[in-house]
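The file input15.cif comes next; it holds mmCIF, N, CA and C atoms.
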```
data_run
loop_
_atom_site.label_atom_id
_atom_site.label_comp_id
_atom_site.auth_asym_id
_atom_site.auth_seq_id
_atom_site.Cartn_x
_atom_site.Cartn_y
_atom_site.Cartn_z
N MET P 1 1.42 -11.50 13.17
CA MET P 1 1.26 -11.71 11.75
C MET P 1 0.21 -12.79 11.52
N PHE P 2 -0.58 -12.60 10.49
CA PHE P 2 -1.59 -13.57 10.08
C PHE P 2 -1.09 -14.30 8.83
N THR P 3 -1.46 -15.57 8.72
CA THR P 3 -1.11 -16.38 7.55
C THR P 3 -2.39 -16.93 6.95
N THR P 4 -2.55 -16.75 5.65
CA THR P 4 -3.73 -17.23 4.94
C THR P 4 -3.27 -18.02 3.72
N VAL P 5 -3.77 -19.23 3.58
CA VAL P 5 -3.44 -20.05 2.42
C VAL P 5 -4.57 -19.95 1.40
N ILE P 6 -4.20 -19.71 0.16
CA ILE P 6 -5.18 -19.57 -0.92
C ILE P 6 -4.81 -20.54 -2.04
N VAL P 7 -5.82 -21.21 -2.56
CA VAL P 7 -5.63 -22.09 -3.71
C VAL P 7 -6.06 -21.32 -4.95
N PRO P 8 -5.13 -20.98 -5.84
CA PRO P 8 -5.50 -20.24 -7.05
C PRO P 8 -6.51 -21.02 -7.89
N ARG P 9 -7.44 -20.27 -8.46
CA ARG P 9 -8.45 -20.87 -9.34
C ARG P 9 -8.04 -20.67 -10.79
N VAL P 10 -8.44 -21.58 -11.62
CA VAL P 10 -8.10 -21.46 -13.04
C VAL P 10 -8.67 -20.17 -13.62
N SER P 11 -9.80 -19.71 -13.11
CA SER P 11 -10.41 -18.47 -13.61
C SER P 11 -9.59 -17.23 -13.28
N GLU P 12 -8.62 -17.34 -12.37
CA GLU P 12 -7.76 -16.21 -12.02
C GLU P 12 -6.53 -16.13 -12.93
N THR P 13 -6.41 -17.08 -13.84
CA THR P 13 -5.29 -17.13 -14.77
C THR P 13 -5.63 -16.28 -16.00
N ASP P 14 -4.64 -15.56 -16.51
CA ASP P 14 -4.90 -14.74 -17.69
C ASP P 14 -4.31 -15.36 -18.95
N GLY P 15 -4.37 -14.65 -20.03
CA GLY P 15 -3.98 -15.16 -21.34
C GLY P 15 -2.51 -15.53 -21.49
N VAL P 16 -1.66 -15.04 -20.61
CA VAL P 16 -0.24 -15.39 -20.71
C VAL P 16 0.15 -16.50 -19.73
N GLY P 17 -0.84 -17.06 -19.04
CA GLY P 17 -0.61 -18.26 -18.24
C GLY P 17 -0.28 -18.06 -16.78
N HIS P 18 -0.23 -16.82 -16.33
CA HIS P 18 -0.01 -16.62 -14.89
C HIS P 18 -1.26 -16.01 -14.26
N ILE P 19 -1.25 -15.90 -12.93
CA ILE P 19 -2.37 -15.31 -12.21
C ILE P 19 -2.43 -13.83 -12.57
N ASN P 20 -3.61 -13.34 -12.91
CA ASN P 20 -3.78 -11.96 -13.36
C ASN P 20 -3.47 -10.98 -12.24
N ASN P 21 -2.90 -9.84 -12.60
CA ASN P 21 -2.52 -8.83 -11.62
C ASN P 21 -3.70 -8.31 -10.80
N THR P 22 -4.90 -8.36 -11.33
CA THR P 22 -6.06 -7.86 -10.58
C THR P 22 -6.46 -8.79 -9.44
N THR P 23 -5.95 -10.00 -9.44
CA THR P 23 -6.27 -10.97 -8.38
C THR P 23 -5.49 -10.68 -7.10
N ILE P 24 -4.30 -10.14 -7.22
CA ILE P 24 -3.42 -9.95 -6.07
C ILE P 24 -4.05 -9.07 -4.99
N PRO P 25 -4.64 -7.90 -5.33
CA PRO P 25 -5.29 -7.12 -4.27
C PRO P 25 -6.43 -7.86 -3.58
N VAL P 26 -7.13 -8.72 -4.31
CA VAL P 26 -8.21 -9.52 -3.71
C VAL P 26 -7.62 -10.49 -2.69
N TRP P 27 -6.51 -11.12 -3.04
CA TRP P 27 -5.87 -12.04 -2.10
C TRP P 27 -5.32 -11.30 -0.89
N PHE P 28 -4.76 -10.10 -1.10
CA PHE P 28 -4.30 -9.31 0.05
C PHE P 28 -5.48 -9.00 0.98
N GLU P 29 -6.62 -8.64 0.40
CA GLU P 29 -7.80 -8.36 1.22
C GLU P 29 -8.21 -9.59 2.02
N ALA P 30 -8.16 -10.76 1.41
CA ALA P 30 -8.50 -12.00 2.12
C ALA P 30 -7.57 -12.20 3.31
N GLY P 31 -6.32 -11.82 3.17
CA GLY P 31 -5.36 -11.94 4.25
C GLY P 31 -5.60 -10.98 5.40
N ARG P 32 -6.38 -9.94 5.17
CA ARG P 32 -6.66 -8.93 6.22
C ARG P 32 -7.82 -9.32 7.13
N GLU P 33 -8.45 -10.45 6.89
CA GLU P 33 -9.65 -10.81 7.65
C GLU P 33 -9.39 -10.82 9.16
N GLY P 34 -8.23 -11.31 9.58
CA GLY P 34 -7.92 -11.30 11.01
C GLY P 34 -7.90 -9.90 11.59
N ILE P 35 -7.40 -8.95 10.83
CA ILE P 35 -7.39 -7.55 11.28
C ILE P 35 -8.81 -7.00 11.27
N PHE P 36 -9.59 -7.34 10.24
CA PHE P 36 -10.99 -6.89 10.21
C PHE P 36 -11.73 -7.37 11.45
N LYS P 37 -11.46 -8.61 11.89
CA LYS P 37 -12.14 -9.17 13.06
C LYS P 37 -11.75 -8.47 14.36
N ILE P 38 -10.55 -7.91 14.41
CA ILE P 38 -10.16 -7.14 15.59
C ILE P 38 -11.04 -5.90 15.72
N PHE P 39 -11.31 -5.24 14.60
CA PHE P 39 -12.15 -4.04 14.61
C PHE P 39 -13.64 -4.37 14.68
N THR P 40 -14.05 -5.41 13.98
CA THR P 40 -15.46 -5.78 13.88
C THR P 40 -15.57 -7.30 14.05
N PRO P 41 -15.62 -7.79 15.31
CA PRO P 41 -15.58 -9.24 15.55
C PRO P 41 -16.62 -10.05 14.79
N ASP P 42 -17.81 -9.50 14.57
CA ASP P 42 -18.85 -10.27 13.86
C ASP P 42 -18.80 -10.05 12.34
N LEU P 43 -17.86 -9.23 11.89
CA LEU P 43 -17.69 -8.89 10.46
C LEU P 43 -18.95 -8.34 9.82
N SER P 44 -19.83 -7.78 10.63
CA SER P 44 -21.09 -7.21 10.15
C SER P 44 -20.85 -5.82 9.57
N PHE P 45 -21.38 -5.58 8.38
CA PHE P 45 -21.25 -4.24 7.81
C PHE P 45 -22.02 -3.21 8.63
N LYS P 46 -22.98 -3.65 9.41
CA LYS P 46 -23.72 -2.75 10.29
C LYS P 46 -22.79 -2.15 11.35
N HIS P 47 -21.76 -2.92 11.75
CA HIS P 47 -20.82 -2.47 12.78
C HIS P 47 -19.44 -2.15 12.22
N TRP P 48 -19.30 -2.14 10.91
CA TRP P 48 -17.99 -1.98 10.26
C TRP P 48 -17.35 -0.66 10.64
N LYS P 49 -16.03 -0.67 10.84
CA LYS P 49 -15.32 0.52 11.30
C LYS P 49 -14.13 0.92 10.44
N MET P 50 -13.85 0.18 9.38
CA MET P 50 -12.61 0.42 8.64
C MET P 50 -12.86 0.85 7.20
N VAL P 51 -12.07 1.82 6.74
CA VAL P 51 -12.06 2.18 5.33
C VAL P 51 -10.61 2.23 4.86
N ILE P 52 -10.40 1.76 3.64
CA ILE P 52 -9.05 1.79 3.07
C ILE P 52 -8.85 3.14 2.40
N ILE P 53 -7.68 3.74 2.65
CA ILE P 53 -7.40 5.04 2.02
C ILE P 53 -6.18 4.99 1.11
N HIS P 54 -5.42 3.90 1.19
CA HIS P 54 -4.24 3.78 0.33
C HIS P 54 -3.88 2.31 0.18
N MET P 55 -3.42 1.96 -1.02
CA MET P 55 -2.93 0.61 -1.25
C MET P 55 -1.86 0.65 -2.31
N GLU P 56 -0.80 -0.11 -2.10
CA GLU P 56 0.26 -0.23 -3.10
C GLU P 56 0.65 -1.69 -3.23
N VAL P 57 1.01 -2.08 -4.45
CA VAL P 57 1.39 -3.46 -4.73
C VAL P 57 2.65 -3.45 -5.59
N ASP P 58 3.61 -4.28 -5.21
CA ASP P 58 4.78 -4.54 -6.04
C ASP P 58 4.69 -5.99 -6.50
N TYR P 59 4.73 -6.18 -7.81
CA TYR P 59 4.70 -7.52 -8.39
C TYR P 59 6.15 -7.97 -8.56
N VAL P 60 6.55 -8.97 -7.79
CA VAL P 60 7.95 -9.38 -7.73
C VAL P 60 8.24 -10.56 -8.65
N SER P 61 7.32 -11.52 -8.69
CA SER P 61 7.52 -12.73 -9.48
C SER P 61 6.15 -13.26 -9.91
N GLN P 62 6.11 -14.00 -11.00
CA GLN P 62 4.84 -14.53 -11.48
C GLN P 62 4.29 -15.61 -10.54
N ILE P 63 2.97 -15.70 -10.51
CA ILE P 63 2.26 -16.71 -9.72
C ILE P 63 1.48 -17.57 -10.71
N TYR P 64 1.47 -18.87 -10.46
CA TYR P 64 0.83 -19.78 -11.41
C TYR P 64 -0.27 -20.60 -10.76
N TYR P 65 -1.22 -20.99 -11.57
CA TYR P 65 -2.27 -21.93 -11.18
C TYR P 65 -1.62 -23.29 -10.90
N GLY P 66 -2.20 -24.02 -9.94
CA GLY P 66 -1.74 -25.38 -9.67
C GLY P 66 -0.92 -25.53 -8.41
N SER P 67 -0.62 -24.43 -7.74
CA SER P 67 0.15 -24.49 -6.50
C SER P 67 -0.37 -23.40 -5.56
N GLU P 68 -0.67 -23.77 -4.33
CA GLU P 68 -1.25 -22.80 -3.40
C GLU P 68 -0.27 -21.68 -3.09
N VAL P 69 -0.83 -20.57 -2.63
CA VAL P 69 -0.04 -19.42 -2.21
C VAL P 69 -0.31 -19.15 -0.73
N THR P 70 0.65 -18.50 -0.10
CA THR P 70 0.49 -18.09 1.29
C THR P 70 0.55 -16.57 1.35
N VAL P 71 -0.44 -15.98 1.99
CA VAL P 71 -0.49 -14.54 2.19
C VAL P 71 -0.08 -14.27 3.64
N TYR P 72 0.95 -13.46 3.82
CA TYR P 72 1.39 -13.04 5.14
C TYR P 72 0.91 -11.60 5.34
N THR P 73 0.27 -11.34 6.48
CA THR P 73 -0.33 -10.04 6.75
C THR P 73 0.04 -9.61 8.16
N GLY P 74 0.57 -8.41 8.30
CA GLY P 74 0.92 -7.91 9.62
C GLY P 74 0.72 -6.41 9.71
N VAL P 75 0.79 -5.91 10.92
CA VAL P 75 0.62 -4.48 11.18
C VAL P 75 2.01 -3.85 11.24
N GLU P 76 2.24 -2.90 10.37
CA GLU P 76 3.53 -2.20 10.37
C GLU P 76 3.52 -1.02 11.34
N ARG P 77 2.42 -0.28 11.35
CA ARG P 77 2.36 0.95 12.14
C ARG P 77 0.93 1.20 12.60
N ILE P 78 0.80 1.68 13.84
CA ILE P 78 -0.50 2.07 14.37
C ILE P 78 -0.43 3.56 14.69
N GLY P 79 -1.26 4.33 14.01
CA GLY P 79 -1.32 5.76 14.26
C GLY P 79 -2.48 6.09 15.19
N ASN P 80 -2.88 7.34 15.22
CA ASN P 80 -3.99 7.76 16.07
C ASN P 80 -5.32 7.21 15.55
N THR P 81 -5.59 7.43 14.26
CA THR P 81 -6.85 6.96 13.66
C THR P 81 -6.63 5.92 12.57
N SER P 82 -5.38 5.67 12.20
CA SER P 82 -5.10 4.78 11.07
C SER P 82 -4.07 3.72 11.42
N LEU P 83 -3.97 2.73 10.54
CA LEU P 83 -2.92 1.73 10.67
C LEU P 83 -2.41 1.37 9.29
N THR P 84 -1.13 1.00 9.24
CA THR P 84 -0.51 0.55 8.00
C THR P 84 -0.31 -0.95 8.10
N ILE P 85 -0.74 -1.65 7.05
CA ILE P 85 -0.67 -3.10 7.00
C ILE P 85 0.36 -3.50 5.95
N CYS P 86 1.26 -4.42 6.30
CA CYS P 86 2.24 -4.99 5.36
C CYS P 86 1.73 -6.34 4.90
N GLU P 87 1.95 -6.64 3.62
CA GLU P 87 1.44 -7.88 3.06
C GLU P 87 2.45 -8.47 2.09
N GLU P 88 2.53 -9.81 2.08
CA GLU P 88 3.35 -10.51 1.11
C GLU P 88 2.61 -11.75 0.64
N ILE P 89 2.85 -12.12 -0.62
CA ILE P 89 2.33 -13.37 -1.16
C ILE P 89 3.53 -14.20 -1.61
N HIS P 90 3.55 -15.46 -1.16
CA HIS P 90 4.62 -16.39 -1.52
C HIS P 90 4.00 -17.61 -2.20
N GLN P 91 4.72 -18.16 -3.16
CA GLN P 91 4.33 -19.42 -3.78
C GLN P 91 5.59 -20.28 -3.90
N ASN P 92 5.50 -21.50 -3.41
CA ASN P 92 6.64 -22.43 -3.43
C ASN P 92 7.89 -21.81 -2.81
N GLY P 93 7.69 -21.08 -1.68
CA GLY P 93 8.80 -20.48 -0.96
C GLY P 93 9.39 -19.23 -1.59
N ARG P 94 8.78 -18.73 -2.64
CA ARG P 94 9.29 -17.57 -3.37
C ARG P 94 8.38 -16.36 -3.15
N LEU P 95 8.97 -15.21 -2.86
CA LEU P 95 8.21 -13.97 -2.76
C LEU P 95 7.71 -13.59 -4.15
N CYS P 96 6.39 -13.41 -4.27
CA CYS P 96 5.79 -13.09 -5.57
C CYS P 96 5.19 -11.69 -5.62
N ALA P 97 4.68 -11.21 -4.50
CA ALA P 97 4.08 -9.87 -4.45
C ALA P 97 4.20 -9.34 -3.03
N LYS P 98 4.33 -8.04 -2.93
CA LYS P 98 4.35 -7.41 -1.61
C LYS P 98 3.55 -6.12 -1.71
N GLY P 99 3.01 -5.71 -0.59
CA GLY P 99 2.20 -4.51 -0.61
C GLY P 99 2.02 -3.90 0.75
N LYS P 100 1.40 -2.74 0.73
CA LYS P 100 1.03 -2.03 1.95
C LYS P 100 -0.35 -1.45 1.73
N SER P 101 -1.10 -1.37 2.80
CA SER P 101 -2.39 -0.70 2.74
C SER P 101 -2.55 0.12 4.02
N VAL P 102 -3.28 1.19 3.90
CA VAL P 102 -3.57 2.05 5.05
C VAL P 102 -5.08 2.08 5.24
N TYR P 103 -5.50 1.78 6.46
CA TYR P 103 -6.91 1.81 6.83
C TYR P 103 -7.12 2.85 7.92
N VAL P 104 -8.31 3.42 7.93
CA VAL P 104 -8.71 4.40 8.94
C VAL P 104 -9.87 3.82 9.74
N ASN P 105 -9.82 4.02 11.06
CA ASN P 105 -10.94 3.69 11.93
C ASN P 105 -12.00 4.77 11.69
N PHE P 106 -13.12 4.38 11.12
CA PHE P 106 -14.07 5.36 10.57
C PHE P 106 -15.44 5.19 11.20
N ASN P 107 -16.04 6.33 11.56
CA ASN P 107 -17.41 6.34 12.08
C ASN P 107 -18.33 6.71 10.92
N PHE P 108 -19.12 5.73 10.48
CA PHE P 108 -19.97 5.97 9.31
C PHE P 108 -21.14 6.91 9.63
N ALA P 109 -21.54 7.01 10.89
CA ALA P 109 -22.63 7.92 11.26
C ALA P 109 -22.19 9.38 11.14
N THR P 110 -20.97 9.67 11.61
CA THR P 110 -20.47 11.05 11.55
C THR P 110 -19.66 11.32 10.29
N GLN P 111 -19.31 10.23 9.57
CA GLN P 111 -18.48 10.33 8.37
C GLN P 111 -17.11 10.93 8.66
N LYS P 112 -16.56 10.56 9.84
CA LYS P 112 -15.26 11.08 10.25
C LYS P 112 -14.41 9.97 10.87
N PRO P 113 -13.08 10.10 10.73
CA PRO P 113 -12.19 9.16 11.41
C PRO P 113 -12.31 9.32 12.92
N GLU P 114 -12.04 8.24 13.64
CA GLU P 114 -12.02 8.27 15.10
C GLU P 114 -10.74 7.62 15.59
N PRO P 115 -10.25 8.03 16.77
CA PRO P 115 -9.07 7.37 17.31
C PRO P 115 -9.30 5.86 17.49
N ILE P 116 -8.25 5.10 17.25
CA ILE P 116 -8.33 3.65 17.46
C ILE P 116 -8.39 3.41 18.96
N PRO P 117 -9.43 2.71 19.45
CA PRO P 117 -9.56 2.46 20.90
C PRO P 117 -8.38 1.65 21.45
N ASP P 118 -8.07 1.86 22.72
CA ASP P 118 -6.94 1.18 23.36
C ASP P 118 -7.05 -0.33 23.29
N GLU P 119 -8.26 -0.89 23.47
CA GLU P 119 -8.40 -2.35 23.45
C GLU P 119 -8.10 -2.92 22.05
N ILE P 120 -8.44 -2.18 21.02
CA ILE P 120 -8.12 -2.61 19.65
C ILE P 120 -6.62 -2.43 19.40
N ARG P 121 -6.09 -1.33 19.87
CA ARG P 121 -4.65 -1.05 19.73
C ARG P 121 -3.81 -2.18 20.35
N GLU P 122 -4.22 -2.65 21.54
CA GLU P 122 -3.50 -3.74 22.22
C GLU P 122 -3.50 -5.01 21.37
N LYS P 123 -4.64 -5.33 20.77
CA LYS P 123 -4.73 -6.53 19.92
C LYS P 123 -3.90 -6.37 18.65
N LEU P 124 -3.91 -5.18 18.08
CA LEU P 124 -3.11 -4.93 16.88
C LEU P 124 -1.62 -5.07 17.17
N ASN P 125 -1.21 -4.63 18.36
CA ASN P 125 0.21 -4.72 18.74
C ASN P 125 0.71 -6.16 18.75
N GLU P 126 -0.18 -7.13 18.92
CA GLU P 126 0.21 -8.54 18.90
C GLU P 126 0.60 -8.99 17.49
N HIS P 127 0.29 -8.19 16.49
CA HIS P 127 0.52 -8.57 15.10
C HIS P 127 1.47 -7.61 14.38
N ILE P 128 2.28 -6.88 15.16
CA ILE P 128 3.28 -6.01 14.56
C ILE P 128 4.26 -6.88 13.78
N TRP P 129 4.52 -6.48 12.54
CA TRP P 129 5.41 -7.26 11.67
C TRP P 129 5.97 -6.37 10.60
N ARG P 130 7.23 -6.55 10.37
CA ARG P 130 7.88 -5.91 9.23
C ARG P 130 8.47 -7.05 8.41
N PRO P 131 8.23 -7.08 7.12
CA PRO P 131 8.59 -8.24 6.30
C PRO P 131 10.00 -8.77 6.49
N GLN P 132 10.97 -7.92 6.70
CA GLN P 132 12.34 -8.40 6.88
C GLN P 132 12.49 -9.21 8.18
N GLU P 133 11.48 -9.15 9.07
CA GLU P 133 11.54 -9.88 10.34
C GLU P 133 11.02 -11.31 10.23
N ARG P 134 10.37 -11.66 9.11
CA ARG P 134 9.77 -12.98 8.98
C ARG P 134 10.82 -14.04 8.79
#
```

Written as structure tokens, how would this file's structure read?
Amino acid sequence: MFTTVIVPRVSETDGVGHINNTTIPVWFEAGREGIFKIFTPDLSFKHWKMVIIHMEVDYVSQIYYGSEVTVYTGVERIGNTSLTICEEIHQNGRLCAKGKSVYVNFNFATQKPEPIPDEIREKLNEHIWRPQER
């Protein structure tokens, strides 16, 4: 599991005083950087191998400006060409949002998915996590 700390910005606050719902997917993406580095260590778009094909978010509790949040990111499942990522955002010890995303190992030259290589699969296995296990 990866842990990412984010300091909410005042610009992410909406008219009702909490962090806007459109910010949460951006924070989840920031939490995936460790997984991105497993597939593309230099994070170069020239060598990029991942495309997102599904994302879901459950908004559990409001998040407010003025207190940092922690994004927890782990691998739930590794398939042949895809992986499912579990994500949670906590603020002040409280679960505020949870989500899942599915990425495919993608060859941009052929425009087709490719099997996840064994060496990447081994590294992903180090980050297997299901939220109830945290």

Non-local contacts of region 55-65 of chain P (6 Å; all atoms listed in the file; under 4 positions in same chain excluded) as an MDAnalysis selection string
chainID P and resid 8:9 17:19 95:102

Export N, CA and C atoms of the chosen residues as a PDB file, keeping the file's coordinate frame?
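Contents of out_11.pdb, freshly written:
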```pdb
ATOM      1  N   PRO P   8      -5.130 -20.980  -5.840  1.00  0.00           N
ATOM      2  CA  PRO P   8      -5.500 -20.240  -7.050  1.00  0.00           C
ATOM      3  C   PRO P   8      -6.510 -21.020  -7.890  1.00  0.00           C
ATOM      4  N   ARG P   9      -7.440 -20.270  -8.460  1.00  0.00           N
ATOM      5  CA  ARG P   9      -8.450 -20.870  -9.340  1.00  0.00           C
ATOM      6  C   ARG P   9      -8.040 -20.670 -10.790  1.00  0.00           C
ATOM      7  N   GLY P  17      -0.840 -17.060 -19.040  1.00  0.00           N
ATOM      8  CA  GLY P  17      -0.610 -18.260 -18.240  1.00  0.00           C
ATOM      9  C   GLY P  17      -0.280 -18.060 -16.780  1.00  0.00           C
ATOM     10  N   HIS P  18      -0.230 -16.820 -16.330  1.00  0.00           N
ATOM     11  CA  HIS P  18      -0.010 -16.620 -14.890  1.00  0.00           C
ATOM     12  C   HIS P  18      -1.260 -16.010 -14.260  1.00  0.00           C
ATOM     13  N   ILE P  19      -1.250 -15.900 -12.930  1.00  0.00           N
ATOM     14  CA  ILE P  19      -2.370 -15.310 -12.210  1.00  0.00           C
ATOM     15  C   ILE P  19      -2.430 -13.830 -12.570  1.00  0.00           C
ATOM     16  N   LEU P  95       8.970 -15.210  -2.860  1.00  0.00           N
ATOM     17  CA  LEU P  95       8.210 -13.970  -2.760  1.00  0.00           C
ATOM     18  C   LEU P  95       7.710 -13.590  -4.150  1.00  0.00           C
ATOM     19  N   CYS P  96       6.390 -13.410  -4.270  1.00  0.00           N
ATOM     20  CA  CYS P  96       5.790 -13.090  -5.570  1.00  0.00           C
ATOM     21  C   CYS P  96       5.190 -11.690  -5.620  1.00  0.00           C
ATOM     22  N   ALA P  97       4.680 -11.210  -4.500  1.00  0.00           N
ATOM     23  CA  ALA P  97       4.080  -9.870  -4.450  1.00  0.00           C
ATOM     24  C   ALA P  97       4.200  -9.340  -3.030  1.00  0.00           C
ATOM     25  N   LYS P  98       4.330  -8.040  -2.930  1.00  0.00           N
ATOM     26  CA  LYS P  98       4.350  -7.410  -1.610  1.00  0.00           C
ATOM     27  C   LYS P  98       3.550  -6.120  -1.710  1.00  0.00           C
ATOM     28  N   GLY P  99       3.010  -5.710  -0.590  1.00  0.00           N
ATOM     29  CA  GLY P  99       2.200  -4.510  -0.610  1.00  0.00           C
ATOM     30  C   GLY P  99       2.020  -3.900   0.750  1.00  0.00           C
ATOM     31  N   LYS P 100       1.400  -2.740   0.730  1.00  0.00           N
ATOM     32  CA  LYS P 100       1.030  -2.030   1.950  1.00  0.00           C
ATOM     33  C   LYS P 100      -0.350  -1.450   1.730  1.00  0.00           C
ATOM     34  N   SER P 101      -1.100  -1.370   2.800  1.00  0.00           N
ATOM     35  CA  SER P 101      -2.390  -0.700   2.740  1.00  0.00           C
ATOM     36  C   SER P 101      -2.550   0.120   4.020  1.00  0.00           C
ATOM     37  N   VAL P 102      -3.280   1.190   3.900  1.00  0.00           N
ATOM     38  CA  VAL P 102      -3.570   2.050   5.050  1.00  0.00           C
ATOM     39  C   VAL P 102      -5.080   2.080   5.240  1.00  0.00           C
TER      40      VAL P 102
END
```

Would you return as a ChimeraX atom specification the members of chain P that DSSP assigns to alpha helix (DSSP H) on this structure's backbone?
/P:23-31,33-39,118-125

Counting only C-alpha atoms, the residue of P:Val69, P:Val16, P:Met50, P:Cys86 that sits nearest Ile116 (chain P):
P:Met50

Given the file above and the PyMOL selection byres ((chain P and resi 1) around 5), which residues are selected, and can you give them as a short mmCIF file (atom, residue, chain, number, x, y, z; two decimals) with N, CA and C atoms, in the frame of the given file?
```cif
data_model
loop_
_atom_site.label_atom_id
_atom_site.label_comp_id
_atom_site.auth_asym_id
_atom_site.auth_seq_id
_atom_site.Cartn_x
_atom_site.Cartn_y
_atom_site.Cartn_z
N PHE P 2 -0.58 -12.60 10.49
CA PHE P 2 -1.59 -13.57 10.08
C PHE P 2 -1.09 -14.30 8.83
N THR P 3 -1.46 -15.57 8.72
CA THR P 3 -1.11 -16.38 7.55
C THR P 3 -2.39 -16.93 6.95
N THR P 73 0.27 -11.34 6.48
CA THR P 73 -0.33 -10.04 6.75
C THR P 73 0.04 -9.61 8.16
N GLY P 74 0.57 -8.41 8.30
CA GLY P 74 0.92 -7.91 9.62
C GLY P 74 0.72 -6.41 9.71
N HIS P 127 0.29 -8.19 16.49
CA HIS P 127 0.52 -8.57 15.10
C HIS P 127 1.47 -7.61 14.38
#
```

Do you have the CA of Glu87 (chain P)-CA of Pro131 (chain P) distance handy?
7.9 Å

Using backbone DSSP assignments, extract all strand (DSSP E or B) residues from chain P; output them as a count of residues only.
54

Once the PyMOL selection byres (((chain P and resi 113 and name CA) around 10) and name CA) is applied to the coordinates I shared, what remains selected? I want it as a list of chain:residue names.
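Matching residues under the PyMOL selection byres (((chain P and resi 113 and name CA) around 10) and name CA) are P:Lys49, P:Met50, P:Val51, P:Asn80, P:Thr81, P:Ser82, P:Val104, P:Asn105, P:Phe106, P:Asn107, P:Phe108, P:Thr110, P:Gln111, P:Lys112, P:Glu114, P:Pro115, P:Ile116.
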
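In this structure, atom C of Ile85 (chain P) sits 20.3 Å away from atom C of Leu43 (chain P).
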
May I have the residues within 8 Å of Ile78 (chain P) as a ChimeraX atom specification, using only N, CA and C atoms and disregarding those fewer than 4 positions away in the same chain?
/P:82-85,121,124-125

Rounded to one decimal, what separation in Å do you get between atom C of Pro25 (chain P) and atom N of Ile6 (chain P)?
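Those two atoms sit 12.6 Å apart.
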
Nearest to Glu126 (chain P): which of P:Ile38, P:Ile24, P:Ala30, P:Val75 is it, counting only N, CA and C atoms?
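Ranked by minimum distance to Glu126 (chain P), first place goes to P:Val75.
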
Neighbouring residues of Gly31 (chain P) were defined as those with any atom within 6 Å, considering only C-alpha atoms; residues of the same chain fewer than 3 positions away were excluded. Please report them as an mmCIF file with N, CA and C atoms, in the frame of the given file.
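The result, stored in part.cif:
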```
data_model
loop_
_atom_site.group_PDB
_atom_site.id
_atom_site.type_symbol
_atom_site.label_atom_id
_atom_site.label_comp_id
_atom_site.auth_asym_id
_atom_site.auth_seq_id
_atom_site.Cartn_x
_atom_site.Cartn_y
_atom_site.Cartn_z
ATOM 1 N N THR P 4 -2.550 -16.750 5.650
ATOM 2 C CA THR P 4 -3.730 -17.230 4.940
ATOM 3 C C THR P 4 -3.270 -18.020 3.720
ATOM 4 N N PHE P 28 -4.760 -10.100 -1.100
ATOM 5 C CA PHE P 28 -4.300 -9.310 0.050
ATOM 6 C C PHE P 28 -5.480 -9.000 0.980
ATOM 7 N N VAL P 71 -0.440 -15.980 1.990
ATOM 8 C CA VAL P 71 -0.490 -14.540 2.190
ATOM 9 C C VAL P 71 -0.080 -14.270 3.640
ATOM 10 N N THR P 73 0.270 -11.340 6.480
ATOM 11 C CA THR P 73 -0.330 -10.040 6.750
ATOM 12 C C THR P 73 0.040 -9.610 8.160
#
```

For the file shown, what are the residues hit by the PyMOL selection byres ((chain P and resi 92) around 6.5), laid out as a PyMOL selection string?
chain P and resi 68-69+90-91+93-94

Given all atoms listed in the file as the counted atoms, nearest of P:Val10, P:Val5, P:Ile35, P:Ile89 to Gly66 (chain P)
P:Val10

Could you tell me which of P:Ile53, P:Trp129, P:Asn21, P:Asp14 comes closest to Arg77 (chain P) if we count all atoms listed in the file?
P:Trp129
